[in-house]
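What follows is the content of data00.txt, which has compact mmCIF, C-alpha atoms:
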# COMPACT_ATOMS: atom_id res chain seq x y z
CA MET A 436 4.43 24.56 -17.10
CA ILE A 437 7.96 24.41 -15.70
CA ASN A 438 10.47 21.52 -15.74
CA GLN A 439 10.02 20.94 -19.48
CA GLN A 440 12.53 20.12 -22.19
CA LEU A 441 12.51 18.81 -25.77
CA ASN A 442 13.91 15.41 -26.69
CA ILE A 443 15.77 14.69 -29.94
CA TYR A 444 12.45 14.16 -31.73
CA GLY A 445 11.12 17.56 -30.70
CA LYS A 446 8.66 16.10 -28.20
CA THR A 447 8.07 18.04 -25.00
CA ILE A 448 8.93 15.93 -21.96
CA LEU A 449 8.83 16.69 -18.26
CA THR A 450 11.97 16.58 -16.16
CA THR A 451 11.87 15.17 -12.64
CA PRO A 452 11.92 17.93 -10.01
CA ILE A 453 14.12 17.80 -6.91
CA THR A 454 12.15 16.87 -3.79
CA GLU A 455 12.85 16.43 -0.08
CA GLY A 456 11.63 13.98 2.52
CA ILE A 457 12.30 11.97 5.65
CA LYS A 458 13.57 8.40 5.58
CA TYR A 459 10.28 6.74 4.79
CA ALA A 460 9.01 3.22 4.11
CA GLY A 461 6.73 4.37 1.31
CA SER A 462 9.08 6.89 -0.27
CA LYS A 463 8.51 7.42 -3.99
CA LEU A 464 11.92 9.00 -4.62
CA LYS A 465 13.10 6.19 -6.90
CA ILE A 466 9.83 5.87 -8.77
CA LEU A 467 9.31 9.61 -9.36
CA PRO A 468 11.06 9.65 -12.77
CA TYR A 469 8.66 6.95 -14.02
CA ILE A 470 5.64 8.86 -12.73
CA VAL A 471 6.85 12.02 -14.44
CA GLU A 472 7.48 10.13 -17.69
CA ILE A 473 3.89 8.87 -17.70
CA LEU A 474 2.60 12.40 -17.08
CA SER A 475 4.54 13.61 -20.14
CA ASP A 476 2.22 11.60 -22.40
CA LEU A 477 -1.04 12.98 -20.95
CA LYS A 478 -2.82 16.02 -22.34
CA ASP A 479 -5.21 18.47 -20.68
CA VAL A 480 -4.16 17.57 -17.15
CA LYS A 481 -4.30 20.55 -14.81
CA ASN A 482 -5.79 19.40 -11.50
CA VAL A 483 -4.19 16.44 -9.73
CA LEU A 484 -4.61 14.57 -6.46
CA ASP A 485 -1.87 12.82 -4.51
CA GLY A 486 -4.18 10.55 -2.53
CA PHE A 487 -1.80 9.01 0.03
CA SER A 488 0.81 11.73 0.11
CA GLY A 489 3.03 10.42 2.94
CA SER A 490 6.35 12.26 2.84
CA THR A 491 4.84 14.42 0.01
CA ARG A 492 7.59 13.85 -2.56
CA VAL A 493 4.97 13.21 -5.26
CA SER A 494 2.96 16.27 -4.19
CA GLN A 495 6.12 18.38 -4.32
CA ALA A 496 6.88 17.11 -7.83
CA PHE A 497 3.32 17.72 -9.07
CA ALA A 498 3.40 21.30 -7.77
CA GLN A 499 6.81 22.03 -9.31
CA LEU A 500 5.57 20.68 -12.65
CA GLY A 501 2.86 23.34 -12.58
CA TYR A 502 -0.19 21.26 -11.71
CA ASN A 503 -2.89 22.45 -9.31
CA THR A 504 -2.11 19.94 -6.59
CA THR A 505 -4.25 18.50 -3.81
CA SER A 506 -2.17 16.64 -1.22
CA SER A 507 -4.18 14.32 1.01
CA ASP A 508 -3.17 11.97 3.80
CA ILE A 509 -4.52 10.86 7.15
CA SER A 510 -1.30 11.65 9.03
CA MET A 511 -0.55 14.96 10.70
CA TRP A 512 3.11 14.94 9.67
CA SER A 513 2.17 14.60 6.00
CA GLU A 514 -0.14 17.60 6.39
CA VAL A 515 2.73 19.62 7.89
CA PHE A 516 5.14 18.71 5.08
CA ALA A 517 2.57 19.49 2.38
CA THR A 518 1.70 22.83 3.97
CA CYS A 519 5.39 23.74 4.13
CA TYR A 520 5.96 23.12 0.42
CA LEU A 521 2.58 23.93 -1.14
CA GLN A 522 1.22 26.78 0.96
CA SER A 523 3.97 28.71 2.77
CA ASN A 524 4.87 31.95 1.00
CA LYS A 525 7.17 34.01 3.19
CA SER A 526 10.81 34.65 2.27
CA ASN A 527 13.71 32.46 3.34
CA GLU A 528 15.06 35.46 5.25
CA PHE A 529 11.96 35.43 7.45
CA TYR A 530 12.40 31.76 8.32
CA GLN A 531 16.18 31.98 8.68
CA LYS A 532 15.84 34.46 11.55
CA ILE A 533 13.57 32.04 13.40
CA ILE A 534 15.84 29.07 12.71
CA ASP A 535 18.93 30.97 13.86
CA HIS A 536 17.13 31.81 17.09
CA LEU A 537 16.11 28.18 17.65
CA ASN A 538 19.56 26.80 16.83
CA GLY A 539 21.04 29.16 19.41
CA LEU A 540 18.93 27.87 22.31
CA LYS A 541 20.56 25.97 25.15
CA GLY A 542 19.15 22.49 25.58
CA TYR A 543 17.71 21.04 28.76
CA ASP A 544 16.26 17.80 30.11
CA GLY A 545 12.55 17.67 29.33
CA TRP A 546 9.82 15.30 28.19
CA TYR A 547 11.54 14.26 24.94
CA THR A 548 14.85 13.53 26.66
CA LYS A 549 13.07 11.44 29.28
CA HIS A 550 11.33 9.26 26.70
CA TYR A 551 13.52 9.29 23.57
CA GLY A 552 17.04 10.36 24.55
CA ALA A 553 19.91 8.39 26.06
CA GLU A 554 23.53 8.88 27.01
CA LEU A 555 26.18 6.97 25.08
CA SER A 556 26.40 4.22 27.70
CA GLY A 557 22.70 4.12 28.52
CA THR A 558 19.66 2.26 27.22
CA LYS A 559 19.36 2.53 23.46
CA ARG A 560 16.92 5.17 22.29
CA PRO A 561 16.32 6.79 18.88
CA PHE A 562 18.42 9.87 19.73
CA GLN A 563 21.42 10.76 21.81
CA ALA A 564 20.50 12.89 24.82
CA LYS A 565 22.46 15.91 23.59
CA ASN A 566 20.03 16.18 20.67
CA THR A 567 16.83 15.52 22.62
CA ARG A 568 17.85 18.29 25.02
CA LYS A 569 17.96 20.63 22.04
CA LEU A 570 14.62 19.21 20.92
CA ASP A 571 13.08 19.95 24.32
CA ALA A 572 14.24 23.56 24.19
CA ILE A 573 13.37 24.14 20.53
CA ARG A 574 9.93 22.55 20.63
CA ASP A 575 8.88 24.52 23.72
CA GLU A 576 10.09 27.74 22.10
CA ILE A 577 8.18 27.10 18.87
CA GLU A 578 4.97 27.18 20.90
CA ASN A 579 6.04 30.43 22.54
CA LEU A 580 6.53 32.10 19.14
CA ASN A 581 2.81 31.83 18.26
CA LEU A 582 3.54 31.41 14.56
CA GLU A 583 0.88 31.33 11.87
CA TRP A 584 0.06 27.77 10.80
CA GLU A 585 1.88 27.90 7.44
CA ASP A 586 4.99 29.35 9.08
CA LYS A 587 4.85 26.84 11.91
CA CYS A 588 4.75 24.03 9.33
CA VAL A 589 7.98 25.29 7.74
CA ILE A 590 9.73 25.34 11.12
CA LEU A 591 8.33 21.94 12.16
CA THR A 592 9.44 20.45 8.85
CA SER A 593 12.91 21.84 9.48
CA LEU A 594 12.92 20.35 12.98
CA ILE A 595 11.78 16.90 11.82
CA TYR A 596 14.39 16.84 9.04
CA ALA A 597 17.04 17.81 11.59
CA LEU A 598 15.98 14.98 13.90
CA ASP A 599 15.80 12.54 10.99
CA SER A 600 19.44 13.32 10.20
CA VAL A 601 20.71 12.38 13.70
CA ASP A 602 18.56 9.36 14.60
CA SER A 603 19.78 5.88 15.43
CA THR A 604 17.14 3.83 13.64
CA LEU A 605 16.43 2.18 10.31
CA GLY A 606 14.13 5.08 9.54
CA HIS A 607 11.17 4.14 11.71
CA TYR A 608 10.43 4.33 15.43
CA VAL A 609 9.11 0.92 16.47
CA SER A 610 12.62 -0.42 17.13
CA TYR A 611 16.11 1.02 17.53
CA LEU A 612 19.62 0.01 16.50
CA LEU A 613 21.68 -1.98 19.00
CA GLU A 614 24.66 0.30 18.41
CA TRP A 615 24.59 4.05 17.91
CA SER A 616 24.52 4.99 14.23
CA PRO A 617 27.38 7.22 13.01
CA ARG A 618 24.94 10.07 12.23
CA SER A 619 23.57 10.04 15.79
CA TYR A 620 26.87 11.54 17.02
CA ASN A 621 26.27 14.69 14.96
CA ASN A 622 24.78 17.78 16.53
CA MET A 623 21.22 18.52 15.47
CA VAL A 624 21.01 21.69 13.35
CA LEU A 625 17.86 23.12 11.78
CA LYS A 626 18.00 24.27 8.14
CA ILE A 627 15.44 25.91 5.89
CA PRO A 628 13.56 23.34 3.77
CA THR A 629 14.23 23.78 0.05
CA ARG A 630 10.92 25.29 -0.96
CA PHE A 631 10.00 26.40 -4.47
CA LYS A 632 7.89 29.07 -6.10
CA ASN A 633 4.29 27.90 -6.39
CA SER A 634 2.38 29.00 -9.46
CA GLY A 635 -0.69 26.78 -9.09
CA ARG A 636 -3.67 26.53 -6.75
CA HIS A 637 -2.86 23.95 -4.12
CA GLU A 638 -4.86 22.36 -1.33
CA VAL A 639 -3.75 20.32 1.67
CA ILE A 640 -6.22 17.91 3.27
CA ARG A 641 -5.76 15.75 6.35
CA GLY A 642 -8.41 13.07 6.60
CA ASP A 643 -9.82 9.83 5.27
CA ILE A 644 -9.26 9.42 1.54
CA PHE A 645 -12.91 8.51 0.92
CA GLU A 646 -13.95 11.85 2.40
CA THR A 647 -11.39 13.65 0.23
CA ILE A 648 -12.77 12.21 -3.02
CA SER A 649 -16.44 12.46 -2.06
CA ASP A 650 -17.02 15.98 -3.42
CA LYS A 651 -14.01 16.72 -5.63
CA LYS A 652 -13.05 16.08 -9.24
CA PHE A 653 -9.60 15.79 -10.75
CA ASP A 654 -7.97 15.33 -14.13
CA LEU A 655 -5.46 12.85 -12.70
CA THR A 656 -5.27 11.05 -9.36
CA TYR A 657 -2.25 9.20 -8.01
CA PHE A 658 -2.84 6.47 -5.43
CA ASP A 659 -0.22 4.59 -3.45
CA PRO A 660 -2.20 2.97 -0.60
CA PRO A 661 -0.40 1.25 2.31
CA TYR A 662 -1.26 -2.25 1.10
CA GLY A 663 -1.28 -5.07 3.62
CA SER A 664 1.57 -7.56 3.38
CA ASN A 665 1.44 -10.94 1.64
CA ASN A 666 2.43 -12.80 4.79
CA GLU A 667 -0.51 -15.10 5.63
CA LYS A 668 0.93 -15.65 9.13
CA MET A 669 1.03 -11.94 9.99
CA PRO A 670 -0.64 -11.71 13.43
CA PRO A 671 -3.47 -9.26 14.21
CA SER A 672 -1.18 -7.48 16.69
CA ARG A 673 1.41 -6.49 14.09
CA VAL A 674 2.65 -2.90 14.14
CA ARG A 675 0.59 -0.76 11.80
CA TYR A 676 2.14 1.42 9.15
CA ALA A 677 1.19 4.71 10.83
CA SER A 678 2.92 3.63 14.03
CA TYR A 679 6.34 3.76 12.40
CA TYR A 680 6.31 7.55 12.72
CA HIS A 681 4.59 8.11 16.06
CA ILE A 682 7.40 10.42 17.19
CA TRP A 683 6.72 12.86 14.35
CA THR A 684 3.08 13.07 15.43
CA THR A 685 4.17 13.89 18.97
CA VAL A 686 6.70 16.51 17.84
CA ILE A 687 3.98 18.23 15.82
CA LYS A 688 1.23 18.05 18.45
CA HIS A 689 3.65 18.67 21.33
CA ASP A 690 1.03 17.10 23.58
CA LYS A 691 3.46 14.95 25.61
CA PRO A 692 1.07 11.98 25.49
CA VAL A 693 0.73 8.81 27.53
CA VAL A 694 3.11 6.26 25.99
CA PHE A 695 3.44 2.48 26.14
CA GLY A 696 5.90 -0.30 25.30
CA LYS A 697 9.66 -0.44 25.10
CA VAL A 698 9.85 2.23 22.39
CA ASN A 699 7.36 4.60 24.07
CA ARG A 700 4.74 4.68 21.35
CA ARG A 701 1.80 7.05 21.66
CA GLU A 702 -1.27 5.48 23.24
CA ASP A 703 -3.30 6.44 20.17
CA SER A 704 -0.89 4.57 17.88
CA ARG A 705 -2.00 1.17 19.17
CA ASP A 706 -2.93 -1.26 16.41
CA GLN A 707 -6.62 -1.24 17.32
CA VAL A 708 -6.73 2.57 17.12
CA SER A 709 -4.59 3.49 14.12
CA ALA A 710 -5.40 0.68 11.68
CA SER A 711 -6.10 1.54 8.05
CA VAL A 712 -8.50 -0.53 5.98
CA PHE A 713 -5.83 -0.62 3.26
CA GLU A 714 -3.50 -2.42 5.68
CA GLU A 715 -6.10 -5.01 6.62
CA PHE A 716 -4.59 -8.49 6.16
CA ARG A 717 -7.80 -10.50 6.69
CA LYS A 718 -10.31 -11.76 4.15
CA ASP A 719 -14.04 -11.11 4.12
CA LYS A 720 -16.71 -13.83 4.27
CA ASN A 721 -16.42 -14.29 0.51
CA GLY A 722 -12.70 -15.00 0.70
CA SER A 723 -11.60 -11.65 -0.73
CA PHE A 724 -8.95 -9.51 0.92
CA ILE A 725 -10.61 -6.60 2.71
CA ALA A 726 -7.80 -4.28 1.59
CA MET A 727 -8.46 -5.09 -2.06
CA GLN A 728 -12.20 -4.50 -1.69
CA ALA A 729 -11.35 -1.08 -0.26
CA LEU A 730 -9.15 -0.38 -3.28
CA ARG A 731 -11.97 -1.46 -5.62
CA LYS A 732 -14.35 0.96 -3.88
CA LEU A 733 -11.76 3.75 -3.97
CA ILE A 734 -11.23 3.49 -7.72
CA GLN A 735 -14.96 3.23 -8.39
CA GLU A 736 -15.78 6.34 -6.36
CA THR A 737 -12.89 8.57 -7.46
CA LYS A 738 -14.04 11.25 -9.89
CA SER A 739 -10.98 11.58 -12.09
CA ARG A 740 -10.36 11.10 -15.80
CA TYR A 741 -7.06 9.32 -15.17
CA ILE A 742 -5.95 7.26 -12.18
CA LEU A 743 -2.31 6.30 -11.74
CA LEU A 744 -1.97 3.43 -9.28
CA SER A 745 1.29 2.43 -7.65
CA TYR A 746 1.68 -1.09 -6.33
CA SER A 747 4.60 -2.94 -4.74
CA SER A 748 5.20 -6.67 -4.82
CA GLY A 749 4.80 -6.98 -1.05
CA GLY A 750 1.10 -6.12 -1.14
CA ARG A 751 -2.02 -8.24 -0.99
CA ALA A 752 -2.99 -8.30 -4.66
CA THR A 753 -1.68 -10.07 -7.71
CA ARG A 754 -1.28 -8.15 -10.94
CA GLN A 755 -4.32 -10.02 -12.27
CA GLU A 756 -6.45 -8.88 -9.33
CA LEU A 757 -5.42 -5.29 -9.92
CA ASN A 758 -6.16 -5.64 -13.61
CA ASP A 759 -9.66 -6.91 -12.79
CA ILE A 760 -10.30 -4.00 -10.42
CA ILE A 761 -9.13 -1.51 -13.04
CA SER A 762 -11.17 -3.14 -15.82
CA GLU A 763 -14.37 -2.80 -13.80
CA SER A 764 -14.08 1.00 -13.74
CA GLY A 765 -12.22 1.89 -16.90
CA LYS A 766 -9.53 1.04 -19.40
CA LEU A 767 -5.92 0.18 -18.65
CA LEU A 768 -3.74 2.50 -20.74
CA LYS A 769 -0.31 1.54 -19.50
CA ALA A 770 1.29 -0.92 -17.09
CA VAL A 771 4.90 -0.40 -16.07
CA GLU A 772 6.99 -2.88 -14.09
CA ILE A 773 10.02 -1.41 -12.36
CA ASP A 774 12.64 -3.87 -11.17
CA TYR A 775 15.34 -2.61 -8.83
CA LYS A 776 17.13 -3.77 -5.73
CA LYS A 777 15.20 -3.20 -2.55
CA ASN A 778 16.19 0.02 -0.85
CA VAL A 779 17.10 0.21 2.84
CA MET A 780 13.49 0.86 3.84
CA ALA A 781 11.98 -2.18 2.11
CA ASN A 782 12.83 -4.60 4.91
CA MET A 783 10.36 -2.76 7.13
CA ARG A 784 7.44 -4.00 5.08
CA TRP A 785 8.55 -7.17 3.38
CA THR A 786 11.06 -9.99 3.61
CA ASN A 787 12.47 -12.19 0.85
CA GLU A 788 10.11 -14.95 2.01
CA TRP A 789 7.12 -12.84 1.01
CA ILE A 790 8.39 -11.66 -2.34
CA ASN A 791 9.66 -13.88 -5.13
CA GLY A 792 12.53 -15.43 -3.27
CA ASP A 793 15.07 -13.74 -5.54
CA GLY A 794 15.70 -10.71 -3.34
CA LYS A 795 14.19 -8.34 -5.89
CA HIS A 796 11.56 -5.74 -5.23
CA GLN A 797 9.14 -5.05 -8.05
CA GLU A 798 7.19 -1.84 -8.27
CA TYR A 799 4.28 -1.44 -10.67
CA LEU A 800 2.52 1.59 -12.12
CA PHE A 801 -0.92 1.19 -13.67
CA LEU A 802 -2.40 4.09 -15.64
CA MET A 803 -6.11 3.84 -16.30
CA GLU A 804 -8.77 6.05 -17.87
CA LYS A 805 -12.14 5.86 -16.18
CA ASN A 806 -15.27 5.03 -18.17
CA ASP A 807 -17.24 8.06 -17.00
CA GLN A 808 -15.95 10.93 -19.13
CA ASN A 809 -17.82 13.38 -16.90
CA ASN A 810 -15.08 12.82 -14.33
CA SER A 811 -12.76 15.37 -15.94
CA LEU A 812 -12.80 18.90 -14.62
CA PRO A 813 -14.01 21.77 -16.79
CA ASN A 814 -11.39 24.23 -17.97
Could you spell out this file's structure in structure tokens?
Amino acid sequence: MINQQLNIYGKTILTTPITEGIKYAGSKLKILPYIVEILSDLKDVKNVLDGFSGSTRVSQAFAQLGYNTTSSDISMWSEVFATCYLQSNKSNEFYQKIIDHLNGLKGYDGWYTKHYGAELSGTKRPFQAKNTRKLDAIRDEIENLNLEWEDKCVILTSLIYALDSVDSTLGHYVSYLLEWSPRSYNNMVLKIPTRFKNSGRHEVIRGDIFETISDKKFDLTYFDPPYGSNNEKMPPSRVRYASYYHIWTTVIKHDKPVVFGKVNRREDSRDQVSASVFEEFRKDKNGSFIAMQALRKLIQETKSRYILLSYSSGGRATRQELNDIISESGKLLKAVEIDYKKNVMANMRWTNEWINGDGKHQEYLFLMEKNDQNNSLPN
């Protein structure tokens, strides 16, 4: 296993790998060192699942630490990122030639410029028109290249990172800044994602998490579901978590879909279409949050010796509720509370009114061992 070192007591500990990702509401960048520290204390862990992989920072870290990693998420952009880092195997020289070709294209007015680009004095959009013109040219050309899927994922990841570096948003695409952000004035330039040598057996799955766990076993599973907020007044029409990144879905599909609303969201990103049970804010007939019942079912049905559960203080459950859910299926081995100032993305999901009123954002990690010892994979 790589990324190891000895501490002053001679104990082998894991060091936190370097990862990449878009600006993302659920980013685990800050919590990664704590996840890695917990992994250092576990023995006989070889096969791991990142169950809600999102920007894939945790999946990237697992793979670099030498684990056989399964990265699973319902979003197409997460699948693309995971494929780029876990399954692409061609040289940087191969991809650099493609990227140089794409960077050299002359931009033009196309579908993306019409819907997401604007001149400096025009209606505010997520990107300045000079960059959406490049996007129009580059995205059309990617289709013309007829790349293999793994190679296409590397190039699409490069394109999304390039766009993410010149946007004029808070990191999501359901509203835009009133004034152009300083980075939006930069010219969009594609760069090769910082991939790493993969030594394990990795799998990338796009689909419902319950389908992912239905016929697979793992030594350790990491879950960070998109919990619903604590705001009791949150209306049924609220923007769903997946809708924050509708543009990335369109860039990947390149299907130039029917759009709606002021920010030109995809038709299939409407709340009624893209809702996740883990975001459900309502209660069932017994007065229990539907999202927490889904979490209870998920933990019960996951075939894994260890489950590491991440939870943020803006979610639906109390620590006691989570403890009860964990106790029903196994034994709580460790509970870690991480207290740090909210990062720039936190205000997308929570406000001070919903948290503790002190402006702090608490993150929790719960490590449990399931009761059924047959959950662990054979060597």
Given the point (25.3, 2.7, 18.2) in the file's coordinates, find the residues that have an atom at most 12 Å from it, counting all atoms listed in the file, and give them as a PDB file with C-alpha atoms, keeping the file's coordinate frame.
ATOM      1  CA  ALA A 553      19.910   8.390  26.060  1.00  0.00           C
ATOM      2  CA  GLU A 554      23.530   8.880  27.010  1.00  0.00           C
ATOM      3  CA  LEU A 555      26.180   6.970  25.080  1.00  0.00           C
ATOM      4  CA  SER A 556      26.400   4.220  27.700  1.00  0.00           C
ATOM      5  CA  GLY A 557      22.700   4.120  28.520  1.00  0.00           C
ATOM      6  CA  THR A 558      19.660   2.260  27.220  1.00  0.00           C
ATOM      7  CA  LYS A 559      19.360   2.530  23.460  1.00  0.00           C
ATOM      8  CA  ARG A 560      16.920   5.170  22.290  1.00  0.00           C
ATOM      9  CA  PRO A 561      16.320   6.790  18.880  1.00  0.00           C
ATOM     10  CA  PHE A 562      18.420   9.870  19.730  1.00  0.00           C
ATOM     11  CA  GLN A 563      21.420  10.760  21.810  1.00  0.00           C
ATOM     12  CA  VAL A 601      20.710  12.380  13.700  1.00  0.00           C
ATOM     13  CA  ASP A 602      18.560   9.360  14.600  1.00  0.00           C
ATOM     14  CA  SER A 603      19.780   5.880  15.430  1.00  0.00           C
ATOM     15  CA  THR A 604      17.140   3.830  13.640  1.00  0.00           C
ATOM     16  CA  LEU A 605      16.430   2.180  10.310  1.00  0.00           C
ATOM     17  CA  TYR A 611      16.110   1.020  17.530  1.00  0.00           C
ATOM     18  CA  LEU A 612      19.620   0.010  16.500  1.00  0.00           C
ATOM     19  CA  LEU A 613      21.680  -1.980  19.000  1.00  0.00           C
ATOM     20  CA  GLU A 614      24.660   0.300  18.410  1.00  0.00           C
ATOM     21  CA  TRP A 615      24.590   4.050  17.910  1.00  0.00           C
ATOM     22  CA  SER A 616      24.520   4.990  14.230  1.00  0.00           C
ATOM     23  CA  PRO A 617      27.380   7.220  13.010  1.00  0.00           C
ATOM     24  CA  ARG A 618      24.940  10.070  12.230  1.00  0.00           C
ATOM     25  CA  SER A 619      23.570  10.040  15.790  1.00  0.00           C
ATOM     26  CA  TYR A 620      26.870  11.540  17.020  1.00  0.00           C
TER      27      TYR A 620
END
CA of Gly765 in chain A and CA of Pro660 in chain A are how many Å apart?
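The value is 19.2 Å.
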All residues 10 Å or closer to Asp535 in chain A, all atoms listed in the file, same chain fewer than 5 positions away omitted, as a PDB file with C-alpha atoms, keeping the file's coordinate frame:
ATOM      1  CA  TYR A 530      12.400  31.760   8.320  1.00  0.00           C
ATOM      2  CA  LEU A 540      18.930  27.870  22.310  1.00  0.00           C
ATOM      3  CA  VAL A 624      21.010  21.690  13.350  1.00  0.00           C
ATOM      4  CA  LEU A 625      17.860  23.120  11.780  1.00  0.00           C
ATOM      5  CA  LYS A 626      18.000  24.270   8.140  1.00  0.00           C
TER       6      LYS A 626
END
A:Gly552, A:Gly635, A:Gly606, A:Pro628: which is nearest Phe497 in chain A, counting only C-alpha atoms?
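Smallest separation from Phe497 in chain A among the options: A:Gly635.
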Leu730 in chain A surroundings by all atoms listed in the file, 10 Å radius, close-in-sequence under 5 positions cut, as a PDB file with C-alpha atoms, in the coordinates of the input:
ATOM      1  CA  PHE A 658      -2.840   6.470  -5.430  1.00  0.00           C
ATOM      2  CA  PRO A 660      -2.200   2.970  -0.600  1.00  0.00           C
ATOM      3  CA  TYR A 662      -1.260  -2.250   1.100  1.00  0.00           C
ATOM      4  CA  VAL A 712      -8.500  -0.530   5.980  1.00  0.00           C
ATOM      5  CA  PHE A 713      -5.830  -0.620   3.260  1.00  0.00           C
ATOM      6  CA  ILE A 725     -10.610  -6.600   2.710  1.00  0.00           C
ATOM      7  CA  GLN A 735     -14.960   3.230  -8.390  1.00  0.00           C
ATOM      8  CA  GLU A 736     -15.780   6.340  -6.360  1.00  0.00           C
ATOM      9  CA  LEU A 757      -5.420  -5.290  -9.920  1.00  0.00           C
ATOM     10  CA  ILE A 760     -10.300  -4.000 -10.420  1.00  0.00           C
ATOM     11  CA  ILE A 761      -9.130  -1.510 -13.040  1.00  0.00           C
TER      12      ILE A 761
END
Give as a PyMOL selection string the set of residues within 8 Å of the point (0.1, 11.4, 7.7), where distances use the file's coordinates and all atoms listed in the file.
chain A and resi 488-490+508-514+641+677
Can you work out the spacing between CA of Ser506 in chain A and CA of Val639 in chain A in Å, to one decimal?
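Here the two named atoms are 4.9 Å from each other.
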For a quick check of understanding, using all atoms listed in the file, which of A:Asp659, A:Glu585, A:Glu714, A:Asp719 has the smallest distance to Phe801 in chain A?
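Looking only at the distances to Phe801 in chain A, the closest residue turns out to be A:Asp659.
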